[in-house]
Amino acid sequence: MQEHAFQAQVSEVLSLVINSLYSNKEIFLRELLSNASDALDKERFLALTGVSPGTEPLRIRLIPDEAAGTLTIDDNGVGMDAAELVKNLGTIAHSGSKEFLASLSEKKDMNLIGQFGVGFYSAYLVADKVTVVSKKRGTTEAHSWESEGKVGFSTGEAEREDRGSAVTLHLKDEYKEFLNPSRLRTLVTRYSDYVGYPIELGTQKDGELSFERINQASALWQRRASEITDEQYQEFYKHLTHDWEPPLGRKHFKVEGTQEFTGLLFVPKRPPFDLFSPEERHGVRLHVKRVFIMDDCKELLPRWLRFVRGVIDSEDLPLNVSRELLQDSKIVRIIKKQVVKQVLDLLEEIADKRPEDYAGLWKSYGAVLKEGLHFDPEYKDKLAKLVRYESSTSEGLVSLSDYVTRMPEGQKAIYYILGPNKRTVSASPHLESLKARGYEVLYMVDPVDEWAVRGLESFEGKQLVSAMDEKLDLEHKAEDQAKATVAAQELEPLIARFKEVLAEQVSEVRVSDRLTDSPSCLVVPDGGLDPYIERILRAQQSMDLPTTKRILELNADHVLIRGIAGMLGDEAQKAQVSDFIELVYDQALLSEGSPLEDPARVAKRLTQLMQRSVQNRADK
């Protein structure tokens, strides 16, 4: 035997699993049966793709031995060689193991084992020693792995006639109940009845071991929905995803016509930790005529639905289908379109019938769904009904339908503002005139919103217009328009001076009709990027962006602007005008949450102005 030390993270996981993670110890059986099922899936797939299959039918066996105090889970799947035993059972290969440990350090009973590739270690919930004997398909040698789940494990040569793996649990005294055949039957029915292979229970009769199948081993998705209970759906979902929380929603459907396929789709309650990771794997499990073909078939789901889990079973795809064929298949394109429709129908149903659940769903997956508005405009109308935002007049999330219903008479557009968070955008000076008119403004605080709103463009005939947009078109009474024209004429000398001082910073200076309380604001020129989005792109260094000169708008009625205008005619104060102008520009940057170009210079200028003010008071 050869001794090995556990990878450091494995030791941490084992300690958590054994000492504090689970209150429900019986889940070990579901995890180990799921692993055995995966090994059989791989064997079946290899056989279908031309690699010589074995002669024995694929199966899983449960072999309790009361005398030895052991329970063995034996499969004749693909098996493992010596190197794979060390790799698969001695390390945690999943990239999320660190996040897993961080989560478990803070909470108990997280029920997350399977999601992070550590399902095998659930054996130590009930066993003080685990032995694995495995023989890889196509090889002549078998190998063993053994550990007490403490500091390390040992490997060596072993004896096994057929390919596959046998996991033997040396049960702790308090868990000998799992040797009871009746108890095992109950657990298999509860957790693994829908494993697609026979699960056989071994019993001793007259000194000989005989086996009886104890699961249905039928494809749940092929049954009628009326024949399936909620509990059965939930257990199948857990088997499929290793998620121990019930899904937020499900969709079971069958499509018949030019193409025939069945689907069972789920929306998980909580997002995976790698939802926004570029390496994140997504997709549904693909079967053809009930034969497993591949996990994570991303060709059947767009990336903006990557959180959906489920099974698609096609009657029309060839059994030897490859990813290359999937990418070019007309059948796959038809299936994908139907799958997207079914998911969007499910989300709409949750939104209509369970708004509180949908609020949680949107919090988890809203940013992902909005990617669809940019990448798949054909689904714009469906997605428009699903999007939710916080707003200036309502608590909680607001749908576009709700917004339109509340629009006052005379409002032409749906108004929104982009920014890093609700606190910043709600205080933006760009909203002053809109709020004064009683117009609701949607707060868009996801980085993806800039592209999503461009894909959306309108809803129910109402254009979506940014409160920071250059062409914000607000209706004005005739007397207000006349007053604004006079104010603009009066401020022409000041505007000319602003343009002279800020020639390098802004493209234009003009009198504003969107400000009521603030002295100034910066607006985005036609075709320009929102400053928040521009900052994100620069931080990522993903684009070589040229500097965008924005438009500075001045509030002609503000006492500060009027005061600076009056200083132009006073020769003694004329020198200070440039300092005030630059401070007005800096204040506009600060009010929208943009960084100052030269904070030290701004601080120095403020100090000088305050000193002058204090000196003037002293002189008086």
# chains A, B, ... in the order shown; residues from 1 in each chain; ligands from 1
>>> select_by_dssp(residues="segment 166-370 of chain A", states="strand (DSSP E or B)", output="ChimeraX atom specification")
/A:166-171,199-205,208-213,249-255,261-267,284-288,291-297,309-314
>>> write_last_selection(atoms="N, CA and C atoms", output="short mmCIF file (atom, residue, chain, number, x, y, z; two decimals), in the first residue's frame")
data_model
loop_
_atom_site.label_atom_id
_atom_site.label_comp_id
_atom_site.auth_asym_id
_atom_site.auth_seq_id
_atom_site.Cartn_x
_atom_site.Cartn_y
_atom_site.Cartn_z
N ALA A 166 -16.50 -0.24 -6.41
CA ALA A 166 -17.23 -0.66 -5.21
C ALA A 166 -16.78 0.23 -4.06
N VAL A 167 -17.73 1.00 -3.51
CA VAL A 167 -17.45 1.88 -2.38
C VAL A 167 -18.00 1.20 -1.13
N THR A 168 -17.11 0.84 -0.24
CA THR A 168 -17.52 0.13 0.98
C THR A 168 -17.39 1.05 2.18
N LEU A 169 -18.51 1.22 2.89
CA LEU A 169 -18.55 2.08 4.06
C LEU A 169 -18.50 1.21 5.32
N HIS A 170 -17.51 1.45 6.16
CA HIS A 170 -17.43 0.78 7.45
C HIS A 170 -18.21 1.66 8.44
N LEU A 171 -19.46 1.27 8.67
CA LEU A 171 -20.39 2.15 9.37
C LEU A 171 -20.05 2.30 10.85
N ILE A 199 -31.25 -0.23 -9.48
CA ILE A 199 -30.57 -0.28 -8.20
C ILE A 199 -31.02 -1.57 -7.53
N GLU A 200 -30.07 -2.47 -7.32
CA GLU A 200 -30.39 -3.80 -6.82
C GLU A 200 -29.92 -3.94 -5.37
N LEU A 201 -30.80 -4.50 -4.54
CA LEU A 201 -30.48 -4.72 -3.14
C LEU A 201 -30.08 -6.18 -2.95
N GLY A 202 -28.89 -6.37 -2.38
CA GLY A 202 -28.40 -7.73 -2.16
C GLY A 202 -28.81 -8.28 -0.79
N THR A 203 -29.31 -9.49 -0.78
CA THR A 203 -29.69 -10.15 0.47
C THR A 203 -29.16 -11.58 0.48
N GLN A 204 -28.85 -12.06 1.67
CA GLN A 204 -28.33 -13.41 1.83
C GLN A 204 -29.49 -14.40 1.97
N LYS A 205 -29.47 -15.41 1.10
CA LYS A 205 -30.47 -16.48 1.17
C LYS A 205 -29.76 -17.81 1.03
N GLU A 208 -26.24 -17.75 -0.03
CA GLU A 208 -25.93 -17.15 -1.32
C GLU A 208 -26.51 -15.74 -1.39
N LEU A 209 -25.80 -14.87 -2.13
CA LEU A 209 -26.22 -13.48 -2.29
C LEU A 209 -27.11 -13.36 -3.53
N SER A 210 -28.32 -12.89 -3.32
CA SER A 210 -29.23 -12.67 -4.44
C SER A 210 -29.62 -11.19 -4.48
N PHE A 211 -30.02 -10.72 -5.66
CA PHE A 211 -30.29 -9.29 -5.84
C PHE A 211 -31.71 -9.05 -6.35
N GLU A 212 -32.31 -7.99 -5.85
CA GLU A 212 -33.66 -7.59 -6.25
C GLU A 212 -33.66 -6.10 -6.57
N ARG A 213 -34.25 -5.73 -7.70
CA ARG A 213 -34.31 -4.32 -8.07
C ARG A 213 -35.31 -3.59 -7.19
N GLY A 249 -39.14 27.09 -9.38
CA GLY A 249 -40.21 26.78 -10.33
C GLY A 249 -39.78 25.67 -11.27
N ARG A 250 -40.75 25.05 -11.93
CA ARG A 250 -40.45 23.98 -12.88
C ARG A 250 -41.40 24.06 -14.06
N LYS A 251 -40.97 23.46 -15.16
CA LYS A 251 -41.79 23.40 -16.38
C LYS A 251 -41.60 22.03 -17.00
N HIS A 252 -42.68 21.26 -17.06
CA HIS A 252 -42.67 19.92 -17.63
C HIS A 252 -43.51 19.96 -18.90
N PHE A 253 -42.93 19.63 -20.04
CA PHE A 253 -43.65 19.81 -21.30
C PHE A 253 -43.24 18.76 -22.32
N LYS A 254 -44.08 18.59 -23.31
CA LYS A 254 -43.79 17.71 -24.44
C LYS A 254 -44.18 18.43 -25.71
N VAL A 255 -43.28 18.45 -26.67
CA VAL A 255 -43.52 19.12 -27.95
C VAL A 255 -43.63 18.06 -29.04
N PHE A 261 -39.89 16.12 -28.77
CA PHE A 261 -38.99 16.05 -27.63
C PHE A 261 -39.75 16.38 -26.36
N THR A 262 -39.18 15.95 -25.24
CA THR A 262 -39.76 16.18 -23.92
C THR A 262 -38.76 16.97 -23.09
N GLY A 263 -39.27 17.82 -22.23
CA GLY A 263 -38.39 18.61 -21.39
C GLY A 263 -38.92 18.74 -19.97
N LEU A 264 -38.00 18.80 -19.04
CA LEU A 264 -38.32 19.09 -17.64
C LEU A 264 -37.26 20.08 -17.16
N LEU A 265 -37.69 21.32 -16.94
CA LEU A 265 -36.77 22.41 -16.63
C LEU A 265 -37.05 22.97 -15.24
N PHE A 266 -35.99 23.41 -14.59
CA PHE A 266 -36.10 23.96 -13.23
C PHE A 266 -35.35 25.29 -13.13
N VAL A 267 -35.88 26.17 -12.28
CA VAL A 267 -35.18 27.40 -11.92
C VAL A 267 -34.71 27.26 -10.47
N VAL A 284 -28.40 22.23 -20.24
CA VAL A 284 -29.26 21.19 -19.71
C VAL A 284 -28.70 19.83 -20.08
N ARG A 285 -29.18 18.81 -19.40
CA ARG A 285 -28.75 17.45 -19.71
C ARG A 285 -29.50 16.97 -20.96
N LEU A 286 -28.76 16.45 -21.92
CA LEU A 286 -29.36 16.01 -23.18
C LEU A 286 -29.45 14.48 -23.21
N HIS A 287 -30.65 14.00 -23.51
CA HIS A 287 -30.89 12.59 -23.76
C HIS A 287 -31.45 12.45 -25.17
N VAL A 288 -31.19 11.32 -25.79
CA VAL A 288 -31.80 10.98 -27.07
C VAL A 288 -32.46 9.61 -26.90
N VAL A 291 -31.66 7.87 -23.78
CA VAL A 291 -30.25 7.53 -23.60
C VAL A 291 -29.46 8.81 -23.27
N PHE A 292 -28.76 8.81 -22.15
CA PHE A 292 -27.96 9.98 -21.78
C PHE A 292 -26.86 10.23 -22.82
N ILE A 293 -26.75 11.50 -23.25
CA ILE A 293 -25.73 11.88 -24.23
C ILE A 293 -24.68 12.79 -23.60
N MET A 294 -25.11 13.86 -22.93
CA MET A 294 -24.13 14.77 -22.34
C MET A 294 -24.77 15.66 -21.29
N ASP A 295 -23.97 16.06 -20.31
CA ASP A 295 -24.37 17.09 -19.35
C ASP A 295 -24.04 18.46 -19.94
N ASP A 296 -24.63 19.49 -19.36
CA ASP A 296 -24.26 20.87 -19.71
C ASP A 296 -24.28 21.11 -21.21
N CYS A 297 -25.39 20.75 -21.85
CA CYS A 297 -25.52 20.97 -23.29
C CYS A 297 -25.90 22.43 -23.52
N ARG A 309 -31.71 24.69 -15.08
CA ARG A 309 -31.27 23.30 -15.06
C ARG A 309 -32.41 22.42 -15.55
N GLY A 310 -32.07 21.24 -16.06
CA GLY A 310 -33.12 20.34 -16.49
C GLY A 310 -32.65 19.29 -17.47
N VAL A 311 -33.64 18.64 -18.09
CA VAL A 311 -33.40 17.54 -19.03
C VAL A 311 -34.20 17.78 -20.29
N ILE A 312 -33.55 17.56 -21.43
CA ILE A 312 -34.23 17.54 -22.73
C ILE A 312 -34.00 16.16 -23.34
N ASP A 313 -35.07 15.53 -23.78
CA ASP A 313 -35.00 14.18 -24.37
C ASP A 313 -35.58 14.25 -25.78
N SER A 314 -34.72 14.12 -26.79
CA SER A 314 -35.14 14.24 -28.19
C SER A 314 -35.38 12.87 -28.82
#
>>> select_by_dssp(residues="segment 214-284 of chain A", states="alpha helix (DSSP H)", output="ChimeraX atom specification")
/A:230-241
>>> residues_around(residues="Lys269 of chain A", least_positions_apart="3", cutoff="9 Å", atoms="only C-alpha atoms", output="tab-separated table (two decimals) with C-alpha atoms, in the first residue's frame")
chain	number	residue	atom	x	y	z
A	245	GLU	CA	-33.15	23.37	-1.72
A	246	PRO	CA	-36.35	22.91	-3.74
A	247	PRO	CA	-36.40	24.77	-7.06
A	248	LEU	CA	-38.21	28.07	-7.38
A	249	GLY	CA	-40.21	26.78	-10.33
A	360	GLY	CA	-36.10	36.96	-5.10
A	361	LEU	CA	-35.62	35.39	-8.52
A	364	SER	CA	-30.56	36.44	-8.20
>>> residues_around(residues="Thr155 of chain A", least_positions_apart="5", cutoff="7 Å", atoms="only C-alpha atoms", output="PyMOL selection string")
chain A and resi 1-3+144-146
>>> write_last_selection(atoms="C-alpha atoms", output="PDB file, in the first residue's frame")
ATOM      1  CA  MET A   1       0.000   0.000   0.000  1.00  0.00           C
ATOM      2  CA  GLN A   2       1.129   3.543  -0.719  1.00  0.00           C
ATOM      3  CA  GLU A   3       0.352   6.331   1.733  1.00  0.00           C
ATOM      4  CA  SER A 144      -7.903   0.307  -4.071  1.00  0.00           C
ATOM      5  CA  TRP A 145      -8.285   3.536  -2.107  1.00  0.00           C
ATOM      6  CA  GLU A 146      -8.813   3.563   1.653  1.00  0.00           C
TER       7      GLU A 146
END
>>> closest_atom_pairs(of="segment 466-524 of chain A", to="segment 548-569 of chain A", cutoff="10 Å", atoms="only C-alpha atoms", output="tab-separated table")
residue	atom	partner	partner_atom	distance
A:Asp469	CA	A:Ile551	CA	9.8
A:Glu470	CA	A:Ile551	CA	7.6
A:Ala484	CA	A:Ala556	CA	8.0
A:Val486	CA	A:Ala556	CA	9.9
A:Ala487	CA	A:Ala556	CA	6.2
A:Ala488	CA	A:Ala556	CA	7.3
A:Glu490	CA	A:Ala565	CA	8.9
A:Leu491	CA	A:Ala565	CA	6.9
A:Glu492	CA	A:Ala565	CA	9.4
A:Pro493	CA	A:Ala565	CA	7.8
A:Leu494	CA	A:Ala565	CA	5.6
A:Ile495	CA	A:Leu554	CA	8.7
A:Arg497	CA	A:Leu568	CA	9.0
A:Phe498	CA	A:Leu552	CA	9.1
A:Lys499	CA	A:Leu552	CA	9.3
A:Leu502	CA	A:Leu552	CA	9.4
A:Ala503	CA	A:Lys549	CA	9.4
A:Glu504	CA	A:Lys549	CA	8.0
A:Gln505	CA	A:Lys549	CA	6.0
A:Val506	CA	A:Lys549	CA	4.7
A:Ser507	CA	A:Lys549	CA	5.1
A:Glu508	CA	A:Ile551	CA	4.8
A:Val509	CA	A:Leu552	CA	4.8
A:Arg510	CA	A:Glu553	CA	5.0
A:Val511	CA	A:Leu554	CA	4.9
A:Ser512	CA	A:Glu553	CA	4.9
A:Asp513	CA	A:Asn555	CA	7.6
A:Arg514	CA	A:Asn555	CA	8.3
A:Leu515	CA	A:Asn555	CA	5.8
A:Thr516	CA	A:Asn555	CA	7.1
A:Asp517	CA	A:His558	CA	7.1
A:Ser518	CA	A:Asn555	CA	6.9
A:Pro519	CA	A:Asn555	CA	5.0
A:Ser520	CA	A:Leu554	CA	4.5
A:Cys521	CA	A:Glu553	CA	5.4
A:Leu522	CA	A:Leu552	CA	4.6
A:Val523	CA	A:Ile551	CA	5.2
A:Val524	CA	A:Arg550	CA	5.5
>>> closest_residue(among="A:Phe580, A:Trp362, A:Tyr443, A:Phe375", to="Val501 of chain A", atoms="only C-alpha atoms")
A:Phe580
>>> closest_atom_pairs(of="segment 443-490 of chain A", to="segment 410-431 of chain A", cutoff="10 Å", atoms="only C-alpha atoms", output="CSV")
residue,atom,partner,partner_atom,distance
A:Tyr443,CA,A:Ile417,CA,5.5
A:Met444,CA,A:Leu418,CA,4.8
A:Val445,CA,A:Gly419,CA,5.1
A:Asp446,CA,A:Pro420,CA,7.2
A:Pro447,CA,A:Pro420,CA,7.9
A:Asp449,CA,A:Leu418,CA,7.5
A:Glu450,CA,A:Leu418,CA,7.4
A:Val453,CA,A:Tyr416,CA,9.4
A:Glu457,CA,A:Ile414,CA,10.0
A:Ser458,CA,A:Ile414,CA,8.1
A:Phe459,CA,A:Ile414,CA,8.3
A:Gly461,CA,A:Ala413,CA,8.9
A:Lys462,CA,A:Ala413,CA,5.2
A:Gln463,CA,A:Ala413,CA,5.1
A:Leu464,CA,A:Ile414,CA,4.7
A:Val465,CA,A:Tyr415,CA,5.0
A:Ser466,CA,A:Tyr416,CA,5.0
A:Ala467,CA,A:Ile417,CA,5.5
A:Met468,CA,A:His430,CA,6.1
A:Asp469,CA,A:Ile417,CA,9.2
A:Leu472,CA,A:Tyr415,CA,9.3
A:Asp473,CA,A:Lys412,CA,8.7
A:Leu474,CA,A:Lys412,CA,8.5
A:Glu475,CA,A:Gly410,CA,8.4
>>> residues_around(residues="Ala359 of chain A", least_positions_apart="5", cutoff="9 Å", atoms="only C-alpha atoms", output="ChimeraX atom specification")
/A:351,354,364,388,396-397
>>> write_last_selection(atoms="C-alpha atoms", output="mmCIF file, in the first residue's frame")
data_model
loop_
_atom_site.group_PDB
_atom_site.id
_atom_site.type_symbol
_atom_site.label_atom_id
_atom_site.label_comp_id
_atom_site.auth_asym_id
_atom_site.auth_seq_id
_atom_site.Cartn_x
_atom_site.Cartn_y
_atom_site.Cartn_z
ATOM 1 C CA ALA A 351 -44.003 36.821 -11.808
ATOM 2 C CA ARG A 354 -45.964 34.594 -6.989
ATOM 3 C CA SER A 364 -30.558 36.439 -8.202
ATOM 4 C CA ARG A 388 -37.869 44.891 -12.781
ATOM 5 C CA GLY A 396 -39.473 47.551 -4.013
ATOM 6 C CA LEU A 397 -39.293 46.472 -7.628
#
>>> closest_residue(among="A:Val387, A:Leu33, A:Leu317, A:Ala217", to="Lys370 of chain A", atoms="only C-alpha atoms")
A:Val387
>>> atom_distance(atom1="atom CA of Glu315 of chain A", atom2="atom CA of Glu256 of chain A")
10.0 Å
>>> residues_around(residues="Val78 of chain A", least_positions_apart="4", cutoff="8 Å", atoms="only C-alpha atoms", output="MDAnalysis selection string")
chainID A and resid 39:40 42:43 136:137 163:164
>>> closest_residue(among="A:Ile27, A:Leu46, A:Leu85, A:Leu179", to="Leu62 of chain A", atoms="only C-alpha atoms")
A:Leu179
>>> residues_around(residues="segment 327-343 of chain A", least_positions_apart="2", cutoff="7 Å", atoms="only C-alpha atoms", output="short mmCIF file (atom, residue, chain, number, x, y, z; two decimals) with C-alpha atoms, in the first residue's frame")
data_model
loop_
_atom_site.label_atom_id
_atom_site.label_comp_id
_atom_site.auth_asym_id
_atom_site.auth_seq_id
_atom_site.Cartn_x
_atom_site.Cartn_y
_atom_site.Cartn_z
CA GLU A 299 -26.32 24.49 -27.40
CA LEU A 300 -29.91 24.14 -26.12
CA LEU A 301 -29.88 27.26 -23.95
CA ARG A 323 -21.13 19.02 -30.06
CA GLU A 324 -19.99 19.86 -33.59
CA LEU A 325 -23.21 18.39 -34.99
CA ASP A 345 -43.41 31.29 -19.93
CA LEU A 346 -42.38 29.79 -16.58
CA LEU A 347 -40.77 33.04 -15.43
#
